[in-house]
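Participant: I'm passing along coords.cif; it holds mmCIF, C-alpha atoms.
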data_entry
#
loop_
_atom_site.label_atom_id
_atom_site.label_comp_id
_atom_site.auth_asym_id
_atom_site.auth_seq_id
_atom_site.Cartn_x
_atom_site.Cartn_y
_atom_site.Cartn_z
CA MET A 440 0.00 0.00 0.00
CA MET A 441 1.42 3.37 -1.00
CA ASN A 442 1.73 5.88 1.86
CA GLU A 443 0.47 9.45 1.56
CA GLU A 444 3.93 10.98 1.04
CA SER A 445 4.84 8.68 -1.84
CA GLN A 446 1.40 9.22 -3.38
CA ILE A 447 1.86 12.99 -3.34
CA LYS A 448 5.32 12.54 -4.90
CA ALA A 449 3.81 10.36 -7.64
CA TYR A 450 1.13 12.97 -8.42
CA LEU A 451 3.75 15.74 -8.56
CA GLN A 452 5.83 13.66 -10.97
CA LEU A 453 2.72 13.05 -13.06
CA HIS A 454 1.95 16.76 -13.31
CA PHE A 455 5.58 17.42 -14.24
CA ILE A 456 5.49 15.00 -17.16
CA VAL A 457 2.06 16.31 -18.25
CA LEU A 458 3.66 19.77 -18.31
CA ILE A 459 6.39 18.35 -20.56
CA TRP A 460 3.79 16.71 -22.81
CA GLY A 461 2.11 20.09 -23.08
CA ALA A 462 5.18 21.15 -25.09
CA THR A 463 4.64 18.45 -27.74
CA ALA A 464 2.11 20.57 -29.62
CA ILE A 465 4.61 23.45 -29.68
CA LEU A 466 7.38 21.20 -30.95
CA GLY A 467 5.01 19.74 -33.53
CA LYS A 468 4.25 23.25 -34.76
CA LEU A 469 7.96 24.02 -35.12
CA ILE A 470 8.85 20.82 -37.02
CA SER A 471 8.39 20.99 -40.81
CA LEU A 472 8.02 17.21 -41.28
CA SER A 473 4.64 15.61 -41.88
CA PRO A 474 2.86 14.28 -38.76
CA LEU A 475 3.74 10.70 -39.75
CA GLY A 476 7.36 11.72 -40.26
CA VAL A 477 7.42 13.26 -36.80
CA VAL A 478 6.01 10.08 -35.25
CA PHE A 479 8.50 7.92 -37.20
CA TYR A 480 11.57 9.84 -36.05
CA ARG A 481 10.17 10.24 -32.54
CA THR A 482 9.71 6.51 -32.08
CA LEU A 483 12.91 5.51 -33.90
CA ILE A 484 15.18 7.81 -31.86
CA SER A 485 13.36 6.87 -28.66
CA ALA A 486 13.80 3.14 -29.32
CA ILE A 487 17.53 3.57 -29.98
CA ALA A 488 18.04 5.75 -26.90
CA LEU A 489 16.10 3.33 -24.69
CA TYR A 490 18.15 0.39 -25.99
CA ALA A 491 21.31 2.27 -24.98
CA ILE A 492 19.81 2.94 -21.53
CA VAL A 493 18.85 -0.68 -20.83
CA ARG A 494 22.27 -1.91 -21.94
CA PHE A 495 24.11 0.70 -19.89
CA ARG A 496 22.02 0.09 -16.77
CA GLY A 497 22.02 -3.66 -17.15
CA VAL A 498 18.22 -3.80 -17.30
CA VAL A 499 16.77 -7.13 -18.40
CA PHE A 500 15.45 -6.74 -21.94
CA LEU A 501 15.83 -10.21 -23.46
CA LEU A 502 12.31 -11.45 -22.88
CA PRO A 503 10.34 -14.47 -24.14
CA ARG A 504 9.01 -13.93 -27.65
CA LYS A 505 5.43 -14.03 -26.41
CA GLU A 506 6.15 -11.18 -23.94
CA ILE A 507 7.95 -9.12 -26.59
CA ALA A 508 5.03 -9.61 -28.97
CA LYS A 509 2.61 -8.45 -26.26
CA ILE A 510 4.59 -5.29 -25.50
CA ALA A 511 5.31 -4.49 -29.17
CA GLY A 512 1.62 -5.05 -29.89
CA THR A 513 0.85 -2.38 -27.31
CA GLY A 514 3.30 -0.19 -29.24
CA ILE A 515 1.12 -0.68 -32.31
CA LEU A 516 -1.77 0.82 -30.35
CA ILE A 517 0.46 3.76 -29.39
CA GLY A 518 1.50 4.30 -33.02
CA LEU A 519 -2.14 4.19 -34.13
CA HIS A 520 -3.09 6.57 -31.32
CA TRP A 521 -0.54 9.19 -32.36
CA THR A 522 -1.45 8.74 -36.05
CA THR A 523 -5.21 9.08 -35.49
CA PHE A 524 -4.55 12.09 -33.25
CA PHE A 525 -2.78 13.93 -36.07
CA LEU A 526 -5.37 12.72 -38.59
CA ALA A 527 -8.23 14.06 -36.47
CA ALA A 528 -6.54 17.46 -36.30
CA ARG A 529 -6.19 17.45 -40.10
CA LEU A 530 -9.80 16.34 -40.71
CA SER A 531 -11.23 19.00 -38.41
CA ASN A 532 -9.16 21.31 -36.20
CA ILE A 533 -7.14 21.22 -32.99
CA SER A 534 -10.15 22.22 -30.89
CA ILE A 535 -12.36 19.35 -32.01
CA CYS A 536 -9.40 16.96 -31.91
CA LEU A 537 -8.55 17.77 -28.29
CA ALA A 538 -12.21 17.70 -27.29
CA GLY A 539 -12.36 14.13 -28.60
CA ILE A 540 -9.08 13.19 -26.90
CA ALA A 541 -10.51 14.51 -23.62
CA THR A 542 -12.85 11.49 -23.56
CA THR A 543 -9.84 9.25 -22.77
CA SER A 544 -10.51 9.27 -19.03
CA PHE A 545 -14.19 8.48 -19.69
CA TRP A 546 -13.32 5.42 -21.81
CA THR A 547 -10.69 4.38 -19.24
CA SER A 548 -13.40 4.24 -16.58
CA PHE A 549 -14.97 1.36 -18.55
CA ILE A 550 -11.96 -0.30 -20.22
CA ASP A 551 -9.93 -0.57 -16.99
CA PRO A 552 -12.63 -2.54 -15.11
CA LEU A 553 -13.19 -4.73 -18.19
CA VAL A 554 -9.49 -5.62 -18.59
CA ASN A 555 -8.79 -5.98 -14.86
CA ARG A 556 -12.13 -7.63 -14.07
CA ARG A 557 -13.23 -5.23 -11.39
CA PRO A 558 -16.50 -3.34 -10.85
CA ILE A 559 -16.94 0.10 -12.41
CA LYS A 560 -16.45 2.79 -9.79
CA PHE A 561 -19.50 5.01 -10.12
CA TYR A 562 -17.58 8.31 -9.77
CA GLU A 563 -15.02 7.69 -12.53
CA PRO A 564 -17.39 8.12 -15.54
CA LEU A 565 -18.89 11.20 -13.88
CA LEU A 566 -15.48 12.83 -13.42
CA GLY A 567 -14.56 11.84 -16.97
CA VAL A 568 -17.62 13.65 -18.34
CA LEU A 569 -16.84 16.72 -16.17
CA SER A 570 -13.35 16.84 -17.66
CA VAL A 571 -14.72 16.52 -21.21
CA VAL A 572 -17.02 19.51 -20.61
CA GLY A 573 -14.01 21.46 -19.36
CA ILE A 574 -11.98 20.69 -22.50
CA VAL A 575 -14.90 21.72 -24.74
CA LEU A 576 -15.17 25.05 -22.92
CA VAL A 577 -11.41 25.63 -23.09
CA PHE A 578 -11.41 25.33 -26.86
CA ASN A 579 -14.95 26.58 -27.47
CA SER A 580 -15.42 23.59 -29.75
CA SER A 581 -18.38 22.99 -31.98
CA PHE A 582 -19.14 19.46 -33.02
CA ASP A 583 -20.03 20.20 -36.64
CA GLU A 584 -17.23 18.10 -38.14
CA TYR A 585 -18.31 14.63 -37.08
CA LEU A 586 -15.59 12.74 -38.97
CA GLY A 587 -12.74 14.57 -37.23
CA LEU A 588 -14.45 14.14 -33.85
CA SER A 589 -15.05 10.44 -34.49
CA VAL A 590 -11.37 9.86 -35.35
CA ALA A 591 -10.34 11.81 -32.23
CA ILE A 592 -12.62 9.63 -30.09
CA LEU A 593 -11.07 6.54 -31.69
CA SER A 594 -7.65 7.95 -30.75
CA ALA A 595 -8.91 8.43 -27.17
CA ILE A 596 -10.11 4.82 -27.00
CA LEU A 597 -6.69 3.64 -28.19
CA ALA A 598 -4.99 5.82 -25.54
CA ALA A 599 -7.25 4.44 -22.81
CA THR A 600 -6.55 0.88 -23.95
CA PHE A 601 -2.75 1.05 -24.06
CA THR A 602 -2.64 2.90 -20.73
CA VAL A 603 -4.63 0.15 -19.04
CA ILE A 604 -2.44 -2.53 -20.65
CA ASN A 605 0.70 -0.73 -19.46
CA GLY A 606 -0.72 -0.87 -15.95
CA ARG A 607 -0.58 -4.66 -16.20
CA LEU A 608 2.78 -4.85 -18.00
CA ILE A 609 4.60 -2.69 -15.44
CA THR A 610 4.03 -5.31 -12.74
CA HIS A 611 6.38 -7.68 -14.58
CA GLN A 612 8.92 -5.58 -16.54
CA SER A 613 11.06 -2.45 -16.26
CA HIS A 614 9.45 0.73 -17.56
CA TYR A 615 12.49 1.24 -19.81
CA THR A 616 12.13 -2.21 -21.36
CA ILE A 617 8.40 -1.74 -21.88
CA THR A 618 8.82 1.67 -23.50
CA MET A 619 11.68 0.42 -25.73
CA TYR A 620 9.66 -2.42 -27.24
CA GLU A 621 6.57 -0.21 -27.48
CA MET A 622 8.52 2.42 -29.43
CA MET A 623 9.78 -0.33 -31.74
CA GLY A 624 6.22 -1.47 -32.35
CA ALA A 625 5.02 2.11 -32.89
CA CYS A 626 7.90 2.82 -35.29
CA MET A 627 7.13 -0.27 -37.40
CA THR A 628 3.46 0.73 -37.45
CA THR A 629 4.39 4.15 -38.82
CA LEU A 630 6.56 2.57 -41.51
CA VAL A 631 3.54 0.56 -42.64
CA ILE A 632 1.22 3.60 -42.64
CA ILE A 633 3.56 6.01 -44.48
CA PRO A 634 3.46 4.19 -47.88
CA ILE A 635 -0.33 3.93 -47.59
CA SER A 636 -0.52 7.66 -46.88
CA MET A 637 1.79 8.41 -49.81
CA TYR A 638 -0.45 6.38 -52.13
CA TRP A 639 -3.76 7.84 -50.96
CA VAL A 640 -2.75 11.45 -50.33
CA GLY A 641 -0.04 11.75 -52.96
CA GLU A 642 2.71 12.81 -50.55
CA SER A 643 6.38 12.34 -51.40
CA ALA A 644 8.99 10.54 -49.30
CA SER A 645 10.69 13.85 -48.57
CA ASP A 646 7.54 15.07 -46.80
CA HIS A 647 8.06 12.34 -44.22
CA PHE A 648 11.81 11.87 -43.98
CA VAL A 649 13.73 15.03 -45.03
CA MET A 650 14.43 17.43 -42.17
CA GLU A 651 15.02 21.16 -42.58
CA GLY A 652 16.54 23.86 -40.40
CA LEU A 653 16.23 23.04 -36.70
CA ASP A 654 13.99 20.01 -37.24
CA GLY A 655 16.70 17.69 -35.92
CA LEU A 656 16.94 19.58 -32.63
CA TYR A 657 13.17 19.73 -32.15
CA VAL A 658 12.73 16.03 -33.00
CA ALA A 659 15.52 15.17 -30.53
CA LEU A 660 13.73 17.12 -27.78
CA LEU A 661 10.45 15.44 -28.67
CA SER A 662 12.10 12.01 -28.56
CA LEU A 663 14.46 12.29 -25.60
CA LEU A 664 12.54 14.63 -23.30
CA CYS A 665 8.89 14.00 -24.14
CA THR A 666 9.19 10.27 -24.84
CA VAL A 667 12.30 8.61 -23.38
CA PHE A 668 12.04 10.55 -20.12
CA ALA A 669 8.39 11.58 -19.76
CA PHE A 670 6.63 8.63 -21.43
CA SER A 671 8.77 6.00 -19.68
CA LEU A 672 8.26 7.78 -16.34
CA GLY A 673 4.53 7.79 -17.04
CA VAL A 674 4.68 4.02 -17.52
CA LYS A 675 6.62 3.68 -14.26
CA LEU A 676 3.96 5.68 -12.39
CA MET A 677 1.45 3.00 -13.36
CA LYS A 678 2.90 1.06 -10.42
CA GLN A 679 1.54 3.71 -8.07
CA LEU A 680 -1.39 5.39 -9.81
CA SER A 681 -4.44 4.01 -11.58
CA ALA A 682 -4.86 4.28 -15.34
CA PHE A 683 -7.95 6.45 -14.76
CA SER A 684 -6.19 8.96 -12.49
CA ILE A 685 -3.31 9.25 -14.96
CA ASN A 686 -5.57 9.85 -17.97
CA LEU A 687 -7.71 12.27 -15.95
CA THR A 688 -4.64 14.34 -15.08
CA ILE A 689 -3.39 14.23 -18.67
CA ASN A 690 -6.46 16.30 -19.58
CA LEU A 691 -4.48 19.24 -18.21
CA GLU A 692 -1.96 18.82 -21.05
CA PRO A 693 -3.68 21.22 -23.49
CA VAL A 694 -4.07 23.80 -20.73
CA TYR A 695 -0.34 23.68 -19.98
CA GLY A 696 0.34 23.73 -23.72
CA ILE A 697 -1.75 26.85 -24.30
CA VAL A 698 -0.07 28.72 -21.44
CA MET A 699 3.40 27.78 -22.74
CA ALA A 700 2.45 28.72 -26.31
CA VAL A 701 1.31 32.15 -25.16
CA LEU A 702 4.57 32.66 -23.26
CA ILE A 703 6.81 31.38 -26.08
CA PHE A 704 5.05 32.82 -29.12
CA LYS A 705 3.98 36.02 -27.34
CA ASP A 706 0.43 35.53 -28.51
CA ASP A 707 -1.59 38.64 -27.69
CA GLU A 708 -4.92 36.87 -28.07
CA HIS A 709 -7.07 37.32 -25.00
CA MET A 710 -8.29 34.13 -23.40
CA GLY A 711 -12.07 34.18 -23.14
CA ASN A 712 -14.12 33.27 -20.10
CA GLY A 713 -14.61 29.76 -21.50
CA PHE A 714 -10.88 29.06 -21.16
CA TYR A 715 -10.81 29.93 -17.47
CA PHE A 716 -14.11 28.24 -16.64
CA GLY A 717 -13.16 25.12 -18.61
CA THR A 718 -9.73 24.98 -16.96
CA ALA A 719 -11.41 25.25 -13.56
CA LEU A 720 -13.65 22.26 -14.41
CA ILE A 721 -10.66 20.16 -15.51
CA ILE A 722 -8.72 21.01 -12.35
CA LEU A 723 -11.85 20.34 -10.28
CA SER A 724 -12.24 16.88 -11.84
CA VAL A 725 -8.58 16.10 -11.03
CA LEU A 726 -8.89 17.33 -7.45
CA LEU A 727 -12.20 15.55 -6.84
CA TYR A 728 -10.84 12.15 -7.86
CA PRO A 729 -8.82 11.38 -4.70
CA LEU A 730 -11.63 12.84 -2.56
CA ALA A 731 -14.27 10.73 -4.32
CA ARG A 732 -12.09 7.64 -4.04
CA LYS A 733 -11.56 8.19 -0.31
CA LEU A 734 -15.27 8.84 0.28
CA ALA A 735 -16.26 5.74 -1.69
CA LYS A 736 -13.73 3.67 0.27
CA ASP A 737 -15.00 5.00 3.61
CA LYS A 738 -18.60 4.31 2.62
CA ASN A 739 -17.77 0.94 1.00
CA LEU A 740 -19.10 2.18 -2.34
CA ASP A 741 -16.14 1.07 -4.49
CA SER A 742 -17.88 -2.17 -5.23
CA GLU A 743 -20.84 -0.40 -6.85
CA VAL A 744 -21.30 -1.10 -10.54
CA LEU A 745 -23.04 1.18 -13.00
CA GLN A 746 -26.11 -0.49 -14.46
#
Translate this file's structure into structure tokens.

Facilitator:
Amino acid sequence: MMNEESQIKAYLQLHFIVLIWGATAILGKLISLSPLGVVFYRTLISAIALYAIVRFRGVVFLLPRKEIAKIAGTGILIGLHWTTFFLAARLSNISICLAGIATTSFWTSFIDPLVNRRPIKFYEPLLGVLSVVGIVLVFNSSFDEYLGLSVAILSAILAATFTVINGRLITHQSHYTITMYEMMGACMTTLVIIPISMYWVGESASDHFVMEGLDGLYVALLSLLCTVFAFSLGVKLMKQLSAFSINLTINLEPVYGIVMAVLIFKDDEHMGNGFYFGTALIILSVLLYPLARKLAKDKNLDSEVLQ
């Protein structure tokens, strides 16, 4: 059982990596490569760096083929998640995309009990919906473009699924080993998707693979800071925090991203009331989770199942 001090430390680490992930949108804006090209280099560099880490630290990475296939298969889900995320933004806009992604915690509240064979905690779907409303208000989204929203929701379901699976994998393997094989699986997935994209969209190979200017630096930051460090730490935190609480907190990522974008790009645009009210709802949903969990535990309500 995790004591209160270590739990607070875990939550602080989680918010720190969510803050780092908030910079991914900024880095993505600065990189001239196609979204698929960004994902390819991100996963390739991350896999190589993680291999160097496990060898240097002496971490066990030679696993049974069945275990490698399971972890790499989870990497396929990650690759598809990142790809559908970028696709949703292209089909609609960032607002609708992030509104769809905000449903991740909602889907986690159902997928986690299904995978781990436990009852659905009644407060998790409610907090997930509250967070979704907050994201919608932050971006003042309209749901006119159903295709983009549908793809974003698919991306959210993929994110919820691989997060829950990682919660099971971390009980058996090092977070570095898990992330390394997952990045390999995600990289191979991208290599399969790129030719399909080139055929359907008419893109050239240079759109995906040729870097310009400071692309190399930005891709390195995206890979080493946002993935090797932050993503692997996020996997490690699955030992201490539930998949739902992690995905609920990740809903703060766009808020952190917007604040950083304003500071970096000196955007003079005034944030409307919806931004502040929506942010308050997201923060409220994050703060209410430990309180709701404690109340449910005290009242023996954790065994309640939504009908």

Participant: Give me, please, the distance in Å between CA of Leu530 (chain A) and CA of Asp646 (chain A), quoted to one decimal.

Facilitator: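 Between these atoms lies a distance of 18.4 Å.
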
Participant: So which residues touch region 614-621 of chain A within 6 Å, counting only C-alpha atoms, skipping near sequence neighbours fewer than 2 positions away, as number ranges by chain?

Facilitator: A: 486, 489, 500, 510-511, 514, 623-624, 671, 674-675

Participant: What lies within 7 Å of Thr718 (chain A) using all atoms listed in the file, ignoring chain neighbours under 3 positions off, as number ranges by chain?

Facilitator: A: 573, 577, 694, 714-715, 721-722

Participant: (-10.3, 8.6, -26.2) in this file's frame - what residues fall within 6 Å of it? Use all atoms listed in the file and give the answer as a list of chain:residue names.

Facilitator: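 Checked against the point, the hits come out as A:Ile540, A:Thr542, A:Thr543, A:Ile592, A:Leu593, A:Ser594, A:Ala595, A:Ile596.
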
Participant: Just want the 10 Å neighbourhood of Ile487 (chain A), counted on only C-alpha atoms, with same-chain residues fewer than 4 positions away dropped. Output as a PyMOL selection string.

Facilitator: chain A and resi 482-483+491-492+619+622-623+667

Participant: Apply the PyMOL selection byres ((chain A and resi 520) around 10) to the displayed file and report the matching residues as a list in words.

Facilitator: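 In the shown coordinates, the PyMOL selection byres ((chain A and resi 520) around 10) covers Gly514, Ile515, Leu516, Ile517, Gly518, Leu519, Trp521, Thr522, Thr523, Phe524, Phe525, Leu526, Ile540, Val590, Ala591, Leu593, Ser594, Ala595, Ile596, Leu597, Ala598, Ala599, Thr600, Phe601 and Ala625 of chain A.
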
Participant: Measuring atom to atom with only C-alpha atoms, identify which of A:Met637, A:Leu469, A:Ala538, A:Val698 is nearest to Met650 (chain A).

Facilitator: A:Leu469
